[in-house]
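Encoded as structure tokens, the structure appears first; notes follow it.
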Amino acid sequence: MTGWISTVSIFRDTLFSGKVALITGGATGIGRGIAEALARHGADLALLSRKADNLASTAAEIEATTGRRCLALPADVRNPEAVDSAVARTITELGRLDLLVNNAAGNFPCASEDLSPNGFGAVIDIDAKGTWHASRSVFRGWMKEHGGQILNISATLHYGGTPGQLHVAAAKAAVDAMTRTLAVEWGPLGVRVNAIAPGPIGDTEGARRLFPGPLADRLRALIPTRRLGSIDDIVNLALFVLSEAASNLNGTILVSDGGLCLAGRFPLEPESRPGV
Ligand code: HXC
């Protein structure tokens, strides 16, 4: 839980009324936070995730707390046919599809020399190909004719060299490239494509894997704002980017990391990193 529902939003309650959003990886973490907030501000939702149990309970909780529709669509973003089916079901059951949040991502720390081809491929398939599968499907199924917005959740790991993250850096660089290319190609058809690049965000599976225990404290000391980001930091930025207040943003990648990637002190030295 992000705590979003119990806090006061700076955005108006009806910001996304009449809109339908599809969020990949929407059952947990940042994806769940964005999903809850969109519903709290009037959108109906479809959540797509591999883990059916998490998905069903998250969708039920969001429906109960917000009163909005929330479809649970078990599917793997690596499977383009499954994504097409989920998109088709969203449009059939909710009547439209205005917003896509490409949030599903894979990650584990692993030194490059130990990374198997299949391990590299798993993360490329989830992050890069999954983003393409969902974007392609919503564009062909709805946005080409009606317009819409796509928000990709990227990262900052590839701005420098992050030991143990070769696969993730390569995948997120591809996500950034797709963000810029699709913004130019689809912009004339009324589709805005942007990305948010979070730095380390506390209380997420990614942080638990990459910065366990005392590493989180050491990392915090390197961040100019001296705090890890929160899920709500990303949620607030996502609401802004997806709203009409950001209607001149297209192909933009917004970094939310407390200034860490500017400080030139990330990552922690390789010897202290798990898996490296
Ligand atoms: C080395 C590993 C591994 C590990 C998996 N593999 N975990 N290799 N170290 N810890 C290898 C496997 O050995 C296998 O290769 C290949 O990856 C596929 O593994 P499977 O278990 O069969 O695949 P699958 O279940 O489909 O997916 C595994 C997974 C996924 C990609 C690790 O479960 C996952 O990513 N879960 C975490 C989700 C997550 O944390 N998302 C948030 C990301 S945050 P072989 O050769 O053995 O067959 C993020 C941004 C972070 O990305 C930014 C922070 C600043």
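So you can find residues: chains in the structure tokens are A, B, ... in the order shown, residues in each start at 1, and ligands are numbered from 1 in order.
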Checklist entry - Ala134 (chain A): which residues within 12 Å, counting only C-alpha atoms, same-chain residues fewer than 3 positions away excluded, as a VMD selection string? => result chain A and resid 22 to 25 48 75 to 88 97 99 to 104 126 to 131 137 to 143 150 to 152
Item to check | Those of region 40-196 of chain A in DSSP alpha helix (DSSP H), formatted as a PyMOL selection string | outcome: chain A and resi 40+52-66+80-94+117-123+130-138+144-146+166-186
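Closest approach to Leu237 (chain A) among A:Ala216, A:Val8, A:Val168, A:Ile30: A:Ile30, based on only C-alpha atoms.
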Item to check | Secondary structure check, strand (DSSP E) residues of region 114-161 of chain A, as a VMD selection string | outcome: chain A and resid 148 to 153
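The residue that comes closest to Arg192 (chain A), out of A:Gly148, A:Gly164, A:Gly275, A:Gly206 and on the basis of only C-alpha atoms, is A:Gly148.
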Item to check | Top pick for closest residue to Val241 (chain A), considering A:Ser49, A:Ala155, A:Asn194, A:Pro200 and counting only C-alpha atoms | outcome: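 Between A:Ser49, A:Ala155, A:Asn194, A:Pro200, the residue approaching Val241 (chain A) most closely is A:Asn194.
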Next on the checklist: If we count only C-alpha atoms and set the cut-off at 10 Å, which residues sit around region 12-20 of chain A, ignoring sequence neighbours fewer than 6 positions away in its own chain? Please answer as a list in words.
Outcome noted: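 These residues fall inside the cut-off: Ala37, Leu38, Ala39, Arg40, His41, Gly42, Ala43, Asp44, Leu45, Ala46, Arg68, Arg69, Cys70, Thr90, Ile91, Leu94, Gly95, Arg96, Leu97, Asp98, Leu99, Leu100, Gly148, Leu239, Phe240, Leu242, Ser243 and Glu244 of chain A.
Residue nearest ligand 1, chosen from A:Arg226, A:Arg89, A:Arg136, A:Arg50 and counting only C-alpha atoms and all ligand atoms: A:Arg50.
The two atoms in question, CA of Glu63 (chain A) and CA of Thr204 (chain A), are spaced 22.6 Å apart.
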Checklist entry - Using only C-alpha atoms, which residues sit within 8 Å of Leu254 (chain A) once same-chain residues fewer than 2 positions away are excluded, as a ChimeraX atom specification? => result /A:195-197,252,256
Item to check | Residue among A:Ala21, A:Ile231, A:Ala27, A:Val191 lying closest to Ala207 (chain A), counting only C-alpha atoms | outcome: A:Ile231
Next on the checklist: Please determine, counting only C-alpha atoms, which residue among A:Pro109, A:Pro188, A:Thr225, A:Met178 has the shortest atom-to-atom distance to His133 (chain A).
Outcome noted: A:Met178
Checklist entry - Could you state the separation of CA of Ala263 (chain A) and CA of Thr156 (chain A) in Å, given to one decimal place? => result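 Calculated distance between CA of Ala263 (chain A) and CA of Thr156 (chain A) is 12.5 Å.
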Item to check | Computed interatomic separation between CA of Glu205 (chain A) and atom 40 (O, counted along the ligand's line) of ligand 1 (Å) | outcome: 4.6 Å
Next on the checklist: Using only C-alpha atoms, which protein or nucleic acid residues come within 12 Å of Gly258 (chain A)? Drop anything in the same chain fewer than 5 positions from it, and give the result as a count of residues only.
Outcome noted: 21
